[in-house]
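Note: the block below is data.txt and it holds compact mmCIF, C-alpha atoms and all ligand atoms.
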```
# COMPACT_ATOMS: atom_id res chain seq x y z
CA MET U 3 91.71 114.30 105.54
CA GLU U 4 89.02 115.90 103.38
CA LYS U 5 85.59 114.31 103.33
CA THR U 6 82.61 114.89 101.07
CA LEU U 7 79.01 113.72 100.86
CA VAL U 8 77.90 111.76 97.80
CA ILE U 9 74.29 110.72 97.18
CA ILE U 10 73.24 108.21 94.56
CA LYS U 11 69.82 109.68 93.80
CA PRO U 12 66.60 107.66 93.26
CA ASP U 13 67.21 107.46 89.48
CA GLY U 14 70.70 106.00 90.05
CA VAL U 15 69.30 103.33 92.37
CA GLN U 16 66.37 102.48 90.06
CA ARG U 17 68.69 102.25 87.07
CA LYS U 18 70.88 99.73 88.94
CA LEU U 19 73.89 102.00 88.85
CA ILE U 20 74.81 101.74 92.56
CA GLY U 21 77.79 99.44 91.99
CA GLU U 22 78.95 101.32 88.91
CA ILE U 23 78.85 104.69 90.68
CA ILE U 24 80.55 103.48 93.86
CA SER U 25 83.27 101.89 91.69
CA ARG U 26 84.07 105.24 90.11
CA PHE U 27 84.99 106.64 93.52
CA GLU U 28 86.87 103.54 94.64
CA HIS U 29 88.81 103.21 91.40
CA LYS U 30 89.82 106.86 91.51
CA GLY U 31 91.58 106.19 94.83
CA LEU U 32 89.03 107.72 97.18
CA LYS U 33 87.99 105.88 100.32
CA ILE U 34 84.39 105.14 101.32
CA VAL U 35 84.21 105.84 105.06
CA GLY U 36 80.41 105.92 105.46
CA LEU U 37 77.71 104.18 103.47
CA LYS U 38 73.96 103.70 103.86
CA MET U 39 70.83 103.00 101.88
CA MET U 40 67.91 105.12 102.98
CA LYS U 41 64.93 107.29 102.10
CA VAL U 42 65.55 111.01 102.43
CA SER U 43 62.99 112.62 104.73
CA PRO U 44 61.28 115.89 103.72
CA LYS U 45 63.19 117.67 106.49
CA GLN U 46 66.56 116.31 105.31
CA ALA U 47 65.69 117.31 101.74
CA GLU U 48 64.80 120.86 102.79
CA THR U 49 68.09 121.21 104.67
CA LEU U 50 70.13 119.74 101.80
CA TYR U 51 68.56 122.02 99.22
CA ALA U 52 68.01 125.14 101.40
CA ILE U 53 70.29 127.13 99.08
CA HIS U 54 67.86 126.50 96.18
CA LYS U 55 64.76 127.55 98.13
CA LYS U 56 64.02 130.52 95.89
CA LYS U 57 64.59 128.65 92.61
CA GLN U 58 61.64 127.72 90.46
CA PHE U 59 62.74 124.06 90.43
CA TYR U 60 62.98 123.80 94.26
CA GLN U 61 59.71 121.91 94.82
CA GLY U 62 60.66 119.48 92.05
CA LEU U 63 64.03 118.90 93.70
CA LEU U 64 62.38 118.04 97.02
CA LYS U 65 59.92 115.72 95.32
CA PHE U 66 62.61 113.91 93.38
CA ILE U 67 65.14 113.33 96.18
CA THR U 68 62.40 112.02 98.51
CA ALA U 69 60.75 109.89 95.81
CA GLY U 70 62.68 106.68 96.34
CA THR U 71 65.59 104.87 97.90
CA VAL U 72 68.97 106.58 97.75
CA VAL U 73 72.49 105.62 98.76
CA THR U 74 74.39 108.17 100.83
CA MET U 75 78.10 107.92 101.33
CA VAL U 76 80.96 109.78 102.91
CA VAL U 77 83.99 109.75 100.64
CA GLU U 78 87.46 110.64 101.89
CA GLY U 79 90.72 111.61 100.24
CA ILE U 80 93.08 114.49 99.52
CA GLY U 81 90.95 116.96 97.55
CA ALA U 82 87.92 114.64 97.85
CA VAL U 83 85.41 117.47 97.23
CA ASN U 84 86.95 118.65 93.98
CA ILE U 85 87.76 115.17 92.69
CA SER U 86 84.21 113.97 93.39
CA ARG U 87 82.67 116.89 91.49
CA LYS U 88 84.90 116.05 88.55
CA LEU U 89 83.86 112.40 88.67
CA LEU U 90 80.20 113.52 88.49
CA GLY U 91 80.66 115.84 85.50
CA ALA U 92 78.52 118.85 84.59
CA THR U 93 75.15 119.21 86.34
CA PHE U 94 73.04 118.22 83.34
CA GLY U 95 73.70 114.90 81.65
CA ALA U 96 73.54 116.38 78.16
CA ASP U 97 76.39 118.79 78.99
CA ALA U 98 78.53 116.31 80.92
CA GLU U 99 81.68 114.97 79.30
CA PRO U 100 81.91 111.29 78.44
CA GLY U 101 83.98 109.54 81.09
CA THR U 102 82.11 111.30 83.90
CA ILE U 103 79.21 109.59 85.70
CA ARG U 104 76.58 111.97 84.32
CA GLY U 105 78.27 112.06 80.93
CA ASP U 106 78.19 108.29 80.65
CA PHE U 107 74.75 107.59 82.12
CA GLY U 108 72.63 110.77 82.15
CA ALA U 109 70.66 112.73 79.58
CA SER U 110 68.24 114.62 81.83
CA ILE U 111 68.32 117.95 83.68
CA SER U 112 66.62 117.03 86.89
CA TYR U 113 67.43 113.30 86.90
CA ASN U 114 71.18 113.66 87.22
CA LEU U 115 71.92 110.45 89.14
CA VAL U 116 74.27 111.68 91.80
CA HIS U 117 75.01 114.56 94.14
CA ALA U 118 78.34 115.64 95.62
CA SER U 119 79.05 118.57 97.95
CA ASP U 120 80.44 121.67 96.26
CA SER U 121 82.93 122.84 98.92
CA PRO U 122 84.61 121.45 102.06
CA GLU U 123 82.36 123.67 104.24
CA THR U 124 79.20 122.48 102.47
CA ALA U 125 80.46 118.92 102.78
CA GLN U 126 80.69 119.18 106.58
CA ASN U 127 77.12 120.47 106.79
CA GLU U 128 75.73 117.96 104.30
CA ILE U 129 77.47 114.98 105.93
CA ALA U 130 75.86 115.99 109.24
CA ILE U 131 72.39 115.80 107.66
CA PHE U 132 72.77 112.09 106.98
CA PHE U 133 75.50 110.67 109.23
CA LYS U 134 76.17 110.55 112.95
CA GLU U 135 79.86 110.78 113.83
CA THR U 136 79.84 107.13 114.92
CA GLU U 137 78.70 106.09 111.43
CA ILE U 138 81.85 107.48 109.80
CA LEU U 139 84.68 104.99 110.01
CA SER U 140 88.39 105.44 110.27
CA TYR U 141 90.38 102.60 108.79
CA ILE U 142 93.52 101.99 106.80
CA LEU U 143 93.43 100.99 103.16
CA ASP U 144 96.79 99.35 102.58
CA ASN U 145 96.85 100.27 98.91
CA LEU U 146 96.93 104.00 99.70
CA LYS U 147 100.71 103.90 99.57
CA TRP U 148 100.26 103.23 95.85
CA VAL U 149 97.66 105.96 95.44
CA TYR U 150 99.59 108.86 97.03
CA HIS U 151 103.26 109.82 96.72
CA PRO U 152 105.24 109.69 100.01
CA SER U 153 105.47 113.50 99.94
CA GLU U 154 101.71 113.61 100.43
CA GLU U 155 101.93 111.40 103.52
CA GLU U 156 101.85 114.33 105.93
CA GLU U 157 98.43 115.39 104.63
CA MET U 158 97.24 111.76 104.62
CA SER U 159 97.98 111.33 108.31
CA SER U 160 96.57 114.71 109.42
P1 LIG Y 201 72.74 118.78 92.41
O1 LIG Y 201 73.97 119.55 92.01
O2 LIG Y 201 72.90 117.46 93.00
O3 LIG Y 201 71.91 119.67 93.45
C1 LIG Y 201 71.14 120.75 92.97
C2 LIG Y 201 70.28 120.23 91.90
O4 LIG Y 201 69.41 121.14 91.31
C3 LIG Y 201 71.13 119.76 90.73
O5 LIG Y 201 71.82 118.62 91.14
C4 LIG Y 201 70.10 119.56 89.66
O6 LIG Y 201 69.52 118.27 89.79
C5 LIG Y 201 69.05 120.59 90.05
N1 LIG Y 201 68.98 121.69 89.12
C6 LIG Y 201 69.90 122.64 88.93
N2 LIG Y 201 69.47 123.51 87.97
C7 LIG Y 201 68.26 123.07 87.57
C8 LIG Y 201 67.32 123.53 86.62
N3 LIG Y 201 67.54 124.64 85.91
N4 LIG Y 201 66.18 122.84 86.48
C9 LIG Y 201 65.95 121.74 87.21
N5 LIG Y 201 66.81 121.24 88.14
C10 LIG Y 201 67.94 121.90 88.30
```

Would you mind writing the structure in this file as structure tokens?
Ligand code: CMP
Amino acid sequence: MEKTLVIIKPDGVQRKLIGEIISRFEHKGLKIVGLKMMKVSPKQAETLYAIHKKKQFYQGLLKFITAGTVVTMVVEGIGAVNISRKLLGATFGADAEPGTIRGDFGASISYNLVHASDSPETAQNEIAIFFKETEILSYILDNLKWVYHPSEEEEMSS
């Protein structure tokens, strides 16, 4: 089953949007299989944003993600990576469609409330930055039989 990393960034926590943001993922039918509140260390931030190292906004990114408490979570479901990116909306709040998290709550470029991995491969690497294997749970949500059609069951149980 596909997993992705979602981070509620310091602005999301400070703006009391933790519950609202987690609800978006739960209500969509995705499953939270790992969840923690933490401060991102400089080393974790550098690993997370290594791909942006050459960008002019890189130092600002590091400063922002390490500036306050965040919530990290591992979210699971068929197509979890793609669905999560859609739930977030476009990178910058001003461009994001209403109905998405950033579209409903964000207006800034750098303060964009939430992060989600952009591919299954990235997700694996990003999850490993924040979670030990033992911190990711495997459990049954009984309502999944009303989220997925029986024809999708094979993928659900793989
Ligand atoms: P996210 O997709 O979570 O991870 C990379 C981040 O880089 C992105 O969110 C934005 O917050 C930030 N970012 C991308 N482009 C710019 C930009 N042009 N100026 C400032 N920040 C940016």

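Using all atoms listed in the file, the smallest distance between any of U:Ile34, U:Ala69, U:Ala52, U:Leu143 and ligand LIG 201 (chain Y) comes from U:Ala52.
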
Report task. Determine, counting only C-alpha atoms, which protein, DNA and RNA residues have an atom within 12 Å of an atom of Gln16 (chain U); residues of the same chain fewer than 4 positions away are not included. Present the result as a ChimeraX atom specification. Result -> /U:10-12,20-21,69-73,113,115

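Using only C-alpha atoms and all ligand atoms, the smallest distance between any of U:Val149, U:Ile9, U:Ile24, U:Val35 and ligand LIG 201 (chain Y) comes from U:Ile9.
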
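Neighbouring residues of Asp106 (chain U) at 10 Å or closer, counting all atoms listed in the file and skipping chain neighbours under 5 positions away, are U:Leu90, U:Gly91, U:Gly95, U:Ala96, U:Ala98, U:Glu99, U:Pro100, U:Gly101.
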
Query raised in the report: For the atom pair CA of Ala82 (chain U) and CA of Lys33 (chain U), what is the interatomic distance in Å to one decimal place?
Result: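 Straight-line distance from CA of Ala82 (chain U) to CA of Lys33 (chain U) works out to 9.1 Å.
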
Query raised in the report: How far is it from atom O4 of ligand LIG 201 (chain Y) to CA of Thr74 (chain U), in Å with one decimal?
Result: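 Spanning atom O4 of ligand LIG 201 (chain Y) to CA of Thr74 (chain U) is a straight-line distance of 16.8 Å.
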
Centre and edges of the region 118-129 of chain U box, axis-aligned, 4 Å extra per side, as lines of an AutoDock Vina configuration file:
```
center_x = 80.2
center_y = 119.3
center_z = 101.2
size_x = 16.9
size_y = 16.7
size_z = 19.2
```

Report task. Report as JSON, numbers by chain which protein, DNA and RNA residues come within 9 Å of ligand LIG 201 (chain Y), using all atoms listed in the file. Result -> {"U": [8, 9, 11, 50, 51, 53, 54, 57, 58, 59, 60, 62, 63, 66, 92, 93, 94, 110, 111, 112, 113, 114, 115, 116, 117, 118, 119, 120]}

How about saving the chosen residues, C-alpha atoms kept, as a PDB file, in the frame of the given file?
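Below you can see again_2.pdb, which holds the result:
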```
ATOM      1  CA  VAL U   8      77.900 111.760  97.800  1.00  0.00           C
ATOM      2  CA  ILE U   9      74.290 110.720  97.180  1.00  0.00           C
ATOM      3  CA  LYS U  11      69.820 109.680  93.800  1.00  0.00           C
ATOM      4  CA  LEU U  50      70.130 119.740 101.800  1.00  0.00           C
ATOM      5  CA  TYR U  51      68.560 122.020  99.220  1.00  0.00           C
ATOM      6  CA  ILE U  53      70.290 127.130  99.080  1.00  0.00           C
ATOM      7  CA  HIS U  54      67.860 126.500  96.180  1.00  0.00           C
ATOM      8  CA  LYS U  57      64.590 128.650  92.610  1.00  0.00           C
ATOM      9  CA  GLN U  58      61.640 127.720  90.460  1.00  0.00           C
ATOM     10  CA  PHE U  59      62.740 124.060  90.430  1.00  0.00           C
ATOM     11  CA  TYR U  60      62.980 123.800  94.260  1.00  0.00           C
ATOM     12  CA  GLY U  62      60.660 119.480  92.050  1.00  0.00           C
ATOM     13  CA  LEU U  63      64.030 118.900  93.700  1.00  0.00           C
ATOM     14  CA  PHE U  66      62.610 113.910  93.380  1.00  0.00           C
ATOM     15  CA  ALA U  92      78.520 118.850  84.590  1.00  0.00           C
ATOM     16  CA  THR U  93      75.150 119.210  86.340  1.00  0.00           C
ATOM     17  CA  PHE U  94      73.040 118.220  83.340  1.00  0.00           C
ATOM     18  CA  SER U 110      68.240 114.620  81.830  1.00  0.00           C
ATOM     19  CA  ILE U 111      68.320 117.950  83.680  1.00  0.00           C
ATOM     20  CA  SER U 112      66.620 117.030  86.890  1.00  0.00           C
ATOM     21  CA  TYR U 113      67.430 113.300  86.900  1.00  0.00           C
ATOM     22  CA  ASN U 114      71.180 113.660  87.220  1.00  0.00           C
ATOM     23  CA  LEU U 115      71.920 110.450  89.140  1.00  0.00           C
ATOM     24  CA  VAL U 116      74.270 111.680  91.800  1.00  0.00           C
ATOM     25  CA  HIS U 117      75.010 114.560  94.140  1.00  0.00           C
ATOM     26  CA  ALA U 118      78.340 115.640  95.620  1.00  0.00           C
ATOM     27  CA  SER U 119      79.050 118.570  97.950  1.00  0.00           C
ATOM     28  CA  ASP U 120      80.440 121.670  96.260  1.00  0.00           C
TER      29      ASP U 120
END
```

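Minimum atom-to-atom distances from U:Ile103, U:Ala47, U:Leu19, U:Ala125 to Lys65 (chain U) were compared using all atoms listed in the file, and the lowest value belongs to U:Ala47.
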
Query raised in the report: Of the candidates U:Ile131, U:Glu4, U:His151, U:Arg104, which shows the shortest atom-to-atom distance to Val42 (chain U), using all atoms listed in the file?
Result: U:Ile131

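With only C-alpha atoms as the atoms that count, the minimum distance from Leu37 (chain U) to the choices U:Asp97, U:Glu154, U:Glu137, U:Asp144 is reached by U:Glu137.
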
Requested in this report: Check the smallest atom-to-atom distance from each of U:Leu89, U:Ser43, U:Glu48, U:Phe27 to Thr68 (chain U) using only C-alpha atoms, then report the winner.
Outcome: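 Result for the nearest residue to Thr68 (chain U): U:Ser43.
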
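Straight-line separation from CA of Glu22 (chain U) to CA of Pro152 (chain U): 29.7 Å.
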
Query raised in the report: Which polymer residues have any atom within 12 Å of an atom of Ser121 (chain U), counting all atoms listed in the file, with same-chain residues fewer than 2 positions away left out, as number ranges by chain?
Result: U: 4-7, 81-87, 118-119, 123-129

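Look at everything within 6 Å of (77.2, 109.3, 106.7) using only C-alpha atoms, and the residues you get are U:Gly36, U:Met75, U:Val76, U:Ile129, U:Phe132, U:Phe133, U:Glu137, U:Ile138.
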